[in-house]
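Novice: File structure-v1.tsv follows (TSV, N, CA and C atoms):
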```tsv
chain	number	residue	atom	x	y	z
A	1	MET	N	-43.01	0.01	-2.33
A	1	MET	CA	-42.57	0.31	-3.69
A	1	MET	C	-41.18	0.95	-3.69
A	2	LYS	N	-40.95	1.86	-2.73
A	2	LYS	CA	-39.66	2.54	-2.66
A	2	LYS	C	-38.55	1.53	-2.38
A	3	TYR	N	-38.80	0.55	-1.51
A	3	TYR	CA	-37.81	-0.47	-1.18
A	3	TYR	C	-37.47	-1.30	-2.41
A	4	LYS	N	-38.48	-1.59	-3.22
A	4	LYS	CA	-38.28	-2.40	-4.43
A	4	LYS	C	-37.37	-1.65	-5.42
A	5	LYS	N	-37.57	-0.33	-5.56
A	5	LYS	CA	-36.72	0.47	-6.44
A	5	LYS	C	-35.28	0.49	-5.93
A	6	ALA	N	-35.12	0.65	-4.61
A	6	ALA	CA	-33.78	0.67	-4.02
A	6	ALA	C	-33.09	-0.67	-4.23
A	7	THR	N	-33.80	-1.76	-4.04
A	7	THR	CA	-33.22	-3.08	-4.24
A	7	THR	C	-32.81	-3.27	-5.69
A	8	HIS	N	-33.62	-2.80	-6.60
A	8	HIS	CA	-33.30	-2.90	-8.02
A	8	HIS	C	-32.04	-2.08	-8.33
A	9	LEU	N	-31.91	-0.89	-7.75
A	9	LEU	CA	-30.73	-0.05	-7.96
A	9	LEU	C	-29.48	-0.75	-7.44
A	10	GLU	N	-29.56	-1.31	-6.24
A	10	GLU	CA	-28.40	-2.01	-5.68
A	10	GLU	C	-28.01	-3.21	-6.54
A	11	GLU	N	-29.00	-3.90	-7.07
A	11	GLU	CA	-28.72	-5.05	-7.94
A	11	GLU	C	-28.00	-4.60	-9.22
A	12	GLN	N	-28.43	-3.49	-9.80
A	12	GLN	CA	-27.77	-2.96	-10.98
A	12	GLN	C	-26.35	-2.50	-10.66
A	13	LEU	N	-26.18	-1.83	-9.53
A	13	LEU	CA	-24.85	-1.39	-9.13
A	13	LEU	C	-23.93	-2.57	-8.86
A	14	PHE	N	-24.47	-3.63	-8.26
A	14	PHE	CA	-23.68	-4.82	-7.99
A	14	PHE	C	-23.22	-5.46	-9.31
A	15	ARG	N	-24.10	-5.59	-10.25
A	15	ARG	CA	-23.72	-6.16	-11.56
A	15	ARG	C	-22.68	-5.29	-12.25
A	16	LEU	N	-22.88	-3.99	-12.21
A	16	LEU	CA	-21.90	-3.08	-12.77
A	16	LEU	C	-20.55	-3.22	-12.06
A	17	GLY	N	-20.61	-3.38	-10.75
A	17	GLY	CA	-19.39	-3.55	-9.95
A	17	GLY	C	-18.62	-4.80	-10.31
A	18	LEU	N	-19.32	-5.82	-10.78
A	18	LEU	CA	-18.64	-7.04	-11.21
A	18	LEU	C	-17.94	-6.83	-12.56
A	19	ILE	N	-18.50	-5.97	-13.39
A	19	ILE	CA	-17.96	-5.74	-14.73
A	19	ILE	C	-16.82	-4.72	-14.73
A	20	VAL	N	-16.90	-3.73	-13.87
A	20	VAL	CA	-15.95	-2.62	-13.89
A	20	VAL	C	-14.49	-3.06	-13.83
A	21	PRO	N	-14.07	-3.93	-12.91
A	21	PRO	CA	-12.65	-4.31	-12.89
A	21	PRO	C	-12.20	-5.03	-14.17
A	22	VAL	N	-13.09	-5.82	-14.74
A	22	VAL	CA	-12.76	-6.57	-15.95
A	22	VAL	C	-12.48	-5.61	-17.11
A	23	ILE	N	-13.17	-4.48	-17.13
A	23	ILE	CA	-12.99	-3.51	-18.21
A	23	ILE	C	-11.88	-2.51	-17.89
A	24	THR	N	-11.85	-2.00	-16.66
A	24	THR	CA	-10.93	-0.91	-16.35
A	24	THR	C	-9.48	-1.34	-16.23
A	25	MET	N	-9.22	-2.52	-15.72
A	25	MET	CA	-7.82	-2.94	-15.55
A	25	MET	C	-7.09	-3.02	-16.89
A	26	PRO	N	-7.63	-3.69	-17.91
A	26	PRO	CA	-6.93	-3.68	-19.20
A	26	PRO	C	-6.83	-2.29	-19.82
A	27	LEU	N	-7.86	-1.48	-19.66
A	27	LEU	CA	-7.82	-0.12	-20.21
A	27	LEU	C	-6.75	0.71	-19.51
A	28	TYR	N	-6.63	0.57	-18.19
A	28	TYR	CA	-5.61	1.30	-17.45
A	28	TYR	C	-4.22	0.87	-17.91
A	29	PHE	N	-4.02	-0.43	-18.08
A	29	PHE	CA	-2.74	-0.95	-18.54
A	29	PHE	C	-2.39	-0.39	-19.93
A	30	LEU	N	-3.35	-0.41	-20.84
A	30	LEU	CA	-3.12	0.13	-22.18
A	30	LEU	C	-2.79	1.62	-22.13
A	31	TYR	N	-3.50	2.34	-21.27
A	31	TYR	CA	-3.26	3.78	-21.13
A	31	TYR	C	-1.86	4.05	-20.62
A	32	VAL	N	-1.47	3.40	-19.55
A	32	VAL	CA	-0.16	3.66	-18.93
A	32	VAL	C	0.98	3.18	-19.82
A	33	GLU	N	0.83	2.01	-20.41
A	33	GLU	CA	1.92	1.41	-21.18
A	33	GLU	C	2.05	1.95	-22.59
A	34	TYR	N	0.94	2.29	-23.23
A	34	TYR	CA	0.99	2.65	-24.65
A	34	TYR	C	0.59	4.09	-24.97
A	35	LEU	N	-0.47	4.59	-24.36
A	35	LEU	CA	-0.95	5.92	-24.71
A	35	LEU	C	-0.20	7.04	-23.99
A	36	LEU	N	0.06	6.86	-22.72
A	36	LEU	CA	0.73	7.90	-21.94
A	36	LEU	C	2.12	8.24	-22.48
A	37	PRO	N	2.95	7.24	-22.85
A	37	PRO	CA	4.26	7.59	-23.42
A	37	PRO	C	4.17	8.36	-24.74
A	38	LEU	N	3.09	8.21	-25.48
A	38	LEU	CA	2.93	8.91	-26.76
A	38	LEU	C	2.38	10.32	-26.60
A	39	SER	N	1.86	10.63	-25.41
A	39	SER	CA	1.22	11.93	-25.18
A	39	SER	C	2.25	13.06	-25.24
A	40	PRO	N	1.92	14.15	-25.95
A	40	PRO	CA	2.83	15.30	-25.97
A	40	PRO	C	2.84	16.04	-24.63
A	41	PHE	N	1.82	15.80	-23.81
A	41	PHE	CA	1.74	16.44	-22.50
A	41	PHE	C	2.24	15.48	-21.45
A	42	LYS	N	3.41	15.74	-20.90
A	42	LYS	CA	3.95	14.89	-19.85
A	42	LYS	C	3.43	15.33	-18.48
A	43	ALA	N	2.79	16.47	-18.44
A	43	ALA	CA	2.18	16.96	-17.21
A	43	ALA	C	0.72	17.30	-17.52
A	44	CYS	N	-0.02	17.60	-16.51
A	44	CYS	CA	-1.43	17.96	-16.66
A	44	CYS	C	-1.55	19.21	-17.54
A	45	ILE	N	-2.53	19.21	-18.40
A	45	ILE	CA	-2.72	20.35	-19.31
A	45	ILE	C	-3.11	21.61	-18.53
A	46	TRP	N	-3.84	21.44	-17.41
A	46	TRP	CA	-4.18	22.59	-16.57
A	46	TRP	C	-2.89	23.21	-16.02
A	47	ASP	N	-1.97	22.35	-15.65
A	47	ASP	CA	-0.69	22.81	-15.12
A	47	ASP	C	0.06	23.60	-16.19
A	48	LYS	N	0.08	23.09	-17.40
A	48	LYS	CA	0.79	23.76	-18.50
A	48	LYS	C	0.14	25.10	-18.86
A	49	LEU	N	-1.19	25.12	-18.94
A	49	LEU	CA	-1.89	26.32	-19.39
A	49	LEU	C	-2.12	27.35	-18.30
A	50	PHE	N	-2.55	26.88	-17.12
A	50	PHE	CA	-2.98	27.82	-16.07
A	50	PHE	C	-2.05	27.87	-14.86
A	51	GLY	N	-1.13	26.92	-14.75
A	51	GLY	CA	-0.21	26.91	-13.61
A	51	GLY	C	-0.86	26.45	-12.31
A	52	ILE	N	-1.96	25.71	-12.42
A	52	ILE	CA	-2.61	25.16	-11.22
A	52	ILE	C	-2.90	23.68	-11.45
A	53	TYR	N	-3.17	22.99	-10.35
A	53	TYR	CA	-3.54	21.58	-10.43
A	53	TYR	C	-5.03	21.47	-10.75
A	54	CYS	N	-5.38	20.49	-11.57
A	54	CYS	CA	-6.79	20.25	-11.86
A	54	CYS	C	-7.38	19.37	-10.75
A	55	PRO	N	-8.70	19.24	-10.68
A	55	PRO	CA	-9.30	18.41	-9.65
A	55	PRO	C	-8.88	16.94	-9.71
A	56	GLY	N	-8.43	16.47	-10.85
A	56	GLY	CA	-8.02	15.07	-10.98
A	56	GLY	C	-6.53	14.85	-10.89
A	57	CYS	N	-5.74	15.92	-10.75
A	57	CYS	CA	-4.28	15.77	-10.71
A	57	CYS	C	-3.87	14.81	-9.60
A	58	GLY	N	-3.03	13.89	-9.97
A	58	GLY	CA	-2.53	12.90	-9.02
A	58	GLY	C	-3.30	11.59	-9.07
A	59	GLY	N	-4.41	11.56	-9.81
A	59	GLY	CA	-5.24	10.36	-9.86
A	59	GLY	C	-4.52	9.16	-10.45
A	60	THR	N	-3.82	9.37	-11.55
A	60	THR	CA	-3.10	8.26	-12.18
A	60	THR	C	-1.98	7.77	-11.27
A	61	ARG	N	-1.25	8.69	-10.68
A	61	ARG	CA	-0.18	8.29	-9.75
A	61	ARG	C	-0.75	7.57	-8.54
A	62	ALA	N	-1.93	8.01	-8.08
A	62	ALA	CA	-2.57	7.36	-6.93
A	62	ALA	C	-2.97	5.92	-7.26
A	63	VAL	N	-3.52	5.72	-8.45
A	63	VAL	CA	-3.89	4.35	-8.85
A	63	VAL	C	-2.66	3.48	-8.96
A	64	GLU	N	-1.60	4.03	-9.54
A	64	GLU	CA	-0.36	3.26	-9.68
A	64	GLU	C	0.23	2.92	-8.31
A	65	ALA	N	0.23	3.88	-7.40
A	65	ALA	CA	0.74	3.62	-6.05
A	65	ALA	C	-0.12	2.57	-5.34
A	66	LEU	N	-1.42	2.66	-5.53
A	66	LEU	CA	-2.33	1.69	-4.92
A	66	LEU	C	-2.07	0.29	-5.46
A	67	LEU	N	-1.85	0.18	-6.76
A	67	LEU	CA	-1.55	-1.12	-7.36
A	67	LEU	C	-0.23	-1.71	-6.88
A	68	HIS	N	0.66	-0.85	-6.40
A	68	HIS	CA	1.93	-1.32	-5.84
A	68	HIS	C	1.86	-1.48	-4.32
A	69	GLY	N	0.66	-1.34	-3.75
A	69	GLY	CA	0.48	-1.54	-2.32
A	69	GLY	C	0.90	-0.38	-1.45
A	70	LYS	N	1.11	0.77	-2.03
A	70	LYS	CA	1.53	1.96	-1.28
A	70	LYS	C	0.30	2.82	-0.99
A	71	PHE	N	-0.45	2.44	0.03
A	71	PHE	CA	-1.73	3.05	0.32
A	71	PHE	C	-1.61	4.50	0.79
A	72	LEU	N	-0.64	4.78	1.64
A	72	LEU	CA	-0.48	6.16	2.12
A	72	LEU	C	-0.03	7.09	0.99
A	73	LEU	N	0.84	6.60	0.12
A	73	LEU	CA	1.28	7.40	-1.01
A	73	LEU	C	0.10	7.65	-1.96
A	74	ALA	N	-0.73	6.64	-2.16
A	74	ALA	CA	-1.92	6.80	-3.00
A	74	ALA	C	-2.85	7.85	-2.41
A	75	ALA	N	-3.02	7.83	-1.10
A	75	ALA	CA	-3.86	8.83	-0.43
A	75	ALA	C	-3.27	10.22	-0.56
A	76	TRP	N	-1.96	10.32	-0.54
A	76	TRP	CA	-1.30	11.61	-0.70
A	76	TRP	C	-1.49	12.15	-2.12
A	77	TYR	N	-1.33	11.29	-3.11
A	77	TYR	CA	-1.48	11.72	-4.51
A	77	TYR	C	-2.90	12.17	-4.80
A	78	HIS	N	-3.87	11.35	-4.41
A	78	HIS	CA	-5.27	11.75	-4.60
A	78	HIS	C	-6.15	10.89	-3.69
A	79	PRO	N	-6.66	11.47	-2.60
A	79	PRO	CA	-7.44	10.70	-1.62
A	79	PRO	C	-8.73	10.11	-2.17
A	80	PHE	N	-9.25	10.66	-3.26
A	80	PHE	CA	-10.48	10.10	-3.83
A	80	PHE	C	-10.29	8.66	-4.27
A	81	VAL	N	-9.10	8.31	-4.74
A	81	VAL	CA	-8.85	6.94	-5.21
A	81	VAL	C	-9.03	5.97	-4.06
A	82	ILE	N	-8.49	6.28	-2.90
A	82	ILE	CA	-8.65	5.41	-1.72
A	82	ILE	C	-10.12	5.36	-1.31
A	83	TYR	N	-10.78	6.52	-1.28
A	83	TYR	CA	-12.19	6.59	-0.94
A	83	TYR	C	-13.02	5.72	-1.88
A	84	GLY	N	-12.79	5.87	-3.18
A	84	GLY	CA	-13.54	5.11	-4.18
A	84	GLY	C	-13.32	3.61	-4.04
A	85	VAL	N	-12.09	3.21	-3.82
A	85	VAL	CA	-11.78	1.78	-3.66
A	85	VAL	C	-12.44	1.24	-2.39
A	86	CYS	N	-12.40	2.00	-1.31
A	86	CYS	CA	-13.02	1.56	-0.06
A	86	CYS	C	-14.54	1.40	-0.21
A	87	ILE	N	-15.19	2.40	-0.78
A	87	ILE	CA	-16.64	2.32	-0.98
A	87	ILE	C	-16.98	1.14	-1.89
A	88	TYR	N	-16.22	0.98	-2.95
A	88	TYR	CA	-16.44	-0.13	-3.89
A	88	TYR	C	-16.30	-1.47	-3.18
A	89	CYS	N	-15.21	-1.65	-2.44
A	89	CYS	CA	-14.97	-2.94	-1.76
A	89	CYS	C	-16.04	-3.24	-0.72
A	90	ILE	N	-16.38	-2.26	0.08
A	90	ILE	CA	-17.41	-2.46	1.11
A	90	ILE	C	-18.74	-2.82	0.46
A	91	PHE	N	-19.10	-2.09	-0.60
A	91	PHE	CA	-20.36	-2.36	-1.30
A	91	PHE	C	-20.36	-3.77	-1.88
A	92	MET	N	-19.30	-4.11	-2.60
A	92	MET	CA	-19.26	-5.41	-3.26
A	92	MET	C	-19.21	-6.57	-2.26
A	93	ILE	N	-18.40	-6.46	-1.23
A	93	ILE	CA	-18.30	-7.54	-0.23
A	93	ILE	C	-19.63	-7.71	0.49
A	94	SER	N	-20.26	-6.60	0.86
A	94	SER	CA	-21.53	-6.71	1.57
A	94	SER	C	-22.61	-7.35	0.70
A	95	HIS	N	-22.59	-7.06	-0.58
A	95	HIS	CA	-23.59	-7.65	-1.47
A	95	HIS	C	-23.28	-9.11	-1.82
A	96	ILE	N	-22.02	-9.44	-1.87
A	96	ILE	CA	-21.66	-10.85	-2.05
A	96	ILE	C	-22.11	-11.64	-0.83
A	97	LEU	N	-21.87	-11.10	0.36
A	97	LEU	CA	-22.34	-11.76	1.60
A	97	LEU	C	-23.86	-11.86	1.63
A	98	GLU	N	-24.56	-10.85	1.13
A	98	GLU	CA	-26.02	-10.89	1.07
A	98	GLU	C	-26.48	-12.03	0.17
A	99	LYS	N	-25.82	-12.19	-0.96
A	99	LYS	CA	-26.20	-13.24	-1.90
A	99	LYS	C	-25.86	-14.63	-1.35
A	100	VAL	N	-24.70	-14.76	-0.72
A	100	VAL	CA	-24.29	-16.06	-0.16
A	100	VAL	C	-25.20	-16.46	1.00
A	101	SER	N	-25.60	-15.48	1.82
A	101	SER	CA	-26.45	-15.77	2.96
A	101	SER	C	-27.93	-15.82	2.58
A	102	LYS	N	-28.23	-15.64	1.30
A	102	LYS	CA	-29.61	-15.68	0.79
A	102	LYS	C	-30.51	-14.66	1.47
A	103	GLY	N	-29.95	-13.48	1.71
A	103	GLY	CA	-30.74	-12.37	2.25
A	103	GLY	C	-30.71	-12.25	3.76
A	104	CYS	N	-30.07	-13.20	4.47
A	104	CYS	CA	-30.00	-13.08	5.93
A	104	CYS	C	-29.16	-11.86	6.33
A	105	LEU	N	-28.08	-11.64	5.62
A	105	LEU	CA	-27.27	-10.44	5.82
A	105	LEU	C	-27.64	-9.46	4.71
A	106	ARG	N	-27.69	-8.21	5.06
A	106	ARG	CA	-28.08	-7.21	4.06
A	106	ARG	C	-26.89	-6.38	3.64
A	107	GLY	N	-26.71	-6.21	2.33
A	107	GLY	CA	-25.64	-5.36	1.82
A	107	GLY	C	-25.95	-3.90	2.06
A	108	ILE	N	-24.91	-3.08	2.02
A	108	ILE	CA	-25.15	-1.65	2.23
A	108	ILE	C	-25.96	-1.09	1.07
A	109	ARG	N	-26.69	-0.07	1.32
A	109	ARG	CA	-27.55	0.54	0.32
A	109	ARG	C	-26.89	1.81	-0.21
A	110	PHE	N	-27.24	2.14	-1.43
A	110	PHE	CA	-26.71	3.36	-2.04
A	110	PHE	C	-27.36	4.57	-1.39
A	111	HIS	N	-26.53	5.56	-1.10
A	111	HIS	CA	-27.01	6.84	-0.56
A	111	HIS	C	-26.31	7.95	-1.32
A	112	ASN	N	-27.00	9.03	-1.54
A	112	ASN	CA	-26.41	10.17	-2.25
A	112	ASN	C	-25.20	10.73	-1.52
A	113	TRP	N	-25.14	10.55	-0.21
A	113	TRP	CA	-24.01	11.13	0.51
A	113	TRP	C	-22.69	10.48	0.13
A	114	TYR	N	-22.71	9.29	-0.47
A	114	TYR	CA	-21.46	8.72	-1.00
A	114	TYR	C	-20.91	9.62	-2.10
A	115	LEU	N	-21.79	10.12	-2.94
A	115	LEU	CA	-21.37	11.02	-4.02
A	115	LEU	C	-20.97	12.39	-3.48
A	116	TYR	N	-21.72	12.88	-2.49
A	116	TYR	CA	-21.36	14.16	-1.88
A	116	TYR	C	-20.00	14.07	-1.20
A	117	GLY	N	-19.75	12.95	-0.55
A	117	GLY	CA	-18.45	12.73	0.09
A	117	GLY	C	-17.32	12.74	-0.93
A	118	ALA	N	-17.56	12.10	-2.08
A	118	ALA	CA	-16.56	12.08	-3.15
A	118	ALA	C	-16.31	13.50	-3.65
A	119	LEU	N	-17.37	14.26	-3.84
A	119	LEU	CA	-17.24	15.63	-4.32
A	119	LEU	C	-16.45	16.49	-3.34
A	120	VAL	N	-16.73	16.35	-2.06
A	120	VAL	CA	-16.01	17.11	-1.03
A	120	VAL	C	-14.52	16.75	-1.05
A	121	ILE	N	-14.21	15.47	-1.17
A	121	ILE	CA	-12.82	15.04	-1.21
A	121	ILE	C	-12.10	15.62	-2.43
A	122	ILE	N	-12.74	15.56	-3.58
A	122	ILE	CA	-12.11	16.06	-4.81
A	122	ILE	C	-11.87	17.56	-4.74
A	123	VAL	N	-12.87	18.31	-4.29
A	123	VAL	CA	-12.74	19.77	-4.21
A	123	VAL	C	-11.71	20.16	-3.15
A	124	ALA	N	-11.77	19.53	-1.98
A	124	ALA	CA	-10.81	19.84	-0.91
A	124	ALA	C	-9.40	19.52	-1.35
A	125	ASN	N	-9.20	18.39	-2.00
A	125	ASN	CA	-7.88	18.01	-2.49
A	125	ASN	C	-7.34	19.05	-3.47
A	126	CYS	N	-8.17	19.48	-4.39
A	126	CYS	CA	-7.76	20.48	-5.38
A	126	CYS	C	-7.42	21.81	-4.71
A	127	LEU	N	-8.26	22.25	-3.80
A	127	LEU	CA	-8.02	23.53	-3.13
A	127	LEU	C	-6.76	23.50	-2.27
A	128	ILE	N	-6.58	22.44	-1.51
A	128	ILE	CA	-5.40	22.33	-0.63
A	128	ILE	C	-4.12	22.27	-1.44
A	129	LYS	N	-4.10	21.45	-2.48
A	129	LYS	CA	-2.87	21.32	-3.29
A	129	LYS	C	-2.55	22.62	-4.02
A	130	ASN	N	-3.57	23.31	-4.51
A	130	ASN	CA	-3.31	24.59	-5.19
A	130	ASN	C	-2.91	25.67	-4.19
A	131	TYR	N	-3.47	25.64	-2.99
A	131	TYR	CA	-3.06	26.58	-1.95
A	131	TYR	C	-1.59	26.38	-1.62
A	132	LEU	N	-1.20	25.12	-1.40
A	132	LEU	CA	0.20	24.83	-1.08
A	132	LEU	C	1.13	25.25	-2.21
A	133	ARG	N	0.69	25.07	-3.43
A	133	ARG	CA	1.51	25.42	-4.60
A	133	ARG	C	1.64	26.93	-4.77
A	134	LEU	N	0.50	27.61	-4.78
A	134	LEU	CA	0.50	29.04	-5.08
A	134	LEU	C	0.96	29.89	-3.91
A	135	ARG	N	0.62	29.51	-2.72
A	135	ARG	CA	0.95	30.33	-1.55
A	135	ARG	C	2.32	30.02	-0.96
A	136	HIS	N	2.69	28.71	-0.97
A	136	HIS	CA	3.92	28.31	-0.28
A	136	HIS	C	4.97	27.71	-1.22
A	137	GLY	N	4.66	27.60	-2.51
A	137	GLY	CA	5.63	27.08	-3.46
A	137	GLY	C	5.91	25.59	-3.31
A	138	ILE	N	4.97	24.87	-2.71
A	138	ILE	CA	5.13	23.42	-2.52
A	138	ILE	C	4.48	22.73	-3.71
A	139	TYR	N	5.31	22.10	-4.51
A	139	TYR	CA	4.79	21.38	-5.69
A	139	TYR	C	4.62	19.91	-5.35
A	140	LEU	N	3.49	19.38	-5.75
A	140	LEU	CA	3.19	17.99	-5.45
A	140	LEU	C	3.30	17.22	-6.69
```
Let's see the structure in the file written out as C-alpha cells.
Specialist:
Amino acid sequence: MKYKKATHLEEQLFRLGLIVPVITMPLYFLYVEYLLPLSPFKACIWDKLFGIYCPGCGGTRAVEALLHGKFLLAAWYHPFVIYGVCIYCIFMISHILEKVSKGCLRGIRFHNWYLYGALVIIVANCLIKNYLRLRHGIYL
C-alpha cells in the first residue's frame, strides 16, 4: 500500500513538472519585462527597510544568469536556483525514461531530504551573504 501511495505521488509530481515550465516561463518574462520596471522598489524591500539580504535575494538574478547559460554566476547569486533546476531535471528525465522503458528503468522517488536540502541551502546562503555584508562590508 505504501508503494502505491509513493507511485501516485511521483505520478502527480511528474504531471506537475510537465506543466510548470509552460506556466512559469511566460510569467517570468512578464515579470521581468513589464512588472519589474514599474516597481518603486529597485532593490529588495528587506534591504531597504532592514539593511540585510532576504532569504530569496539574488533569486531573480540567478534565474536570469541561468537562462543566459552562466551557471557559476547563477550559483553565486543564489545556489538554490541551481539546486532546484538539477533536482527538477533529474526527476523529470528519470521519469521520462521510466515511461519510455515501460517500467524497466525506475525514476527517482520523492524524499523529504530534497526539501531539507533546499532549506539548508536557502538558510546558509542568507546567513553567509549577510555575514559578508555586515561583518566585512562585501555587498553582493
Novice: Using atom CA of Gly51 of chain A and atom N of Ile128 of chain A as the two end points, give the distance in Å to one decimal.
Specialist: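 We find that atom CA of Gly51 of chain A and atom N of Ile128 of chain A lie 14.4 Å from each other.
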Novice: Dump as a tab-separated table the rows for residues of segment 52-76 of chain A within 12 Å of segment 103-124 of chain A: closest atom pair and distance in Å with one decimal, only C-alpha atoms counted, ordered by chain and rising residue number.
Specialist:
```
residue	atom	partner	partner_atom	distance
A:Tyr53	CA	A:Val123	CA	11.3
A:Cys54	CA	A:Val123	CA	9.7
A:Pro55	CA	A:Ile122	CA	6.1
A:Gly56	CA	A:Ile122	CA	7.5
A:Cys57	CA	A:Ile122	CA	9.8
A:Gly58	CA	A:Ile122	CA	10.9
A:Gly59	CA	A:Ile122	CA	10.3
A:Ala75	CA	A:Ile121	CA	10.9
```
Novice: Next, the residues of the selection above should be written as an mmCIF file, in the frame of the given file with N, CA and C atoms.
Specialist:
```cif
data_model
loop_
_atom_site.group_PDB
_atom_site.id
_atom_site.type_symbol
_atom_site.label_atom_id
_atom_site.label_comp_id
_atom_site.auth_asym_id
_atom_site.auth_seq_id
_atom_site.Cartn_x
_atom_site.Cartn_y
_atom_site.Cartn_z
ATOM 1 N N TYR A 53 -3.170 22.990 -10.350
ATOM 2 C CA TYR A 53 -3.540 21.580 -10.430
ATOM 3 C C TYR A 53 -5.030 21.470 -10.750
ATOM 4 N N CYS A 54 -5.380 20.490 -11.570
ATOM 5 C CA CYS A 54 -6.790 20.250 -11.860
ATOM 6 C C CYS A 54 -7.380 19.370 -10.750
ATOM 7 N N PRO A 55 -8.700 19.240 -10.680
ATOM 8 C CA PRO A 55 -9.300 18.410 -9.650
ATOM 9 C C PRO A 55 -8.880 16.940 -9.710
ATOM 10 N N GLY A 56 -8.430 16.470 -10.850
ATOM 11 C CA GLY A 56 -8.020 15.070 -10.980
ATOM 12 C C GLY A 56 -6.530 14.850 -10.890
ATOM 13 N N CYS A 57 -5.740 15.920 -10.750
ATOM 14 C CA CYS A 57 -4.280 15.770 -10.710
ATOM 15 C C CYS A 57 -3.870 14.810 -9.600
ATOM 16 N N GLY A 58 -3.030 13.890 -9.970
ATOM 17 C CA GLY A 58 -2.530 12.900 -9.020
ATOM 18 C C GLY A 58 -3.300 11.590 -9.070
ATOM 19 N N GLY A 59 -4.410 11.560 -9.810
ATOM 20 C CA GLY A 59 -5.240 10.360 -9.860
ATOM 21 C C GLY A 59 -4.520 9.160 -10.450
ATOM 22 N N ALA A 75 -3.020 7.830 -1.100
ATOM 23 C CA ALA A 75 -3.860 8.830 -0.430
ATOM 24 C C ALA A 75 -3.270 10.220 -0.560
#
```
Novice: Could you give me, as number ranges by chain, each residue of segment 31-87 of chain A that DSSP assigns to helix (DSSP H, G or I) when run on this structure's backbone?
Specialist: A: 31-38, 45-50, 59-67, 71-77, 79-87
Novice: With distances taken over only C-alpha atoms, which residue among A:Leu36, A:Gly17, A:Cys86, A:Thr60 lies nearest Ala74 of chain A?
Specialist: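 Looking only at the distances to Ala74 of chain A, the closest residue turns out to be A:Thr60.
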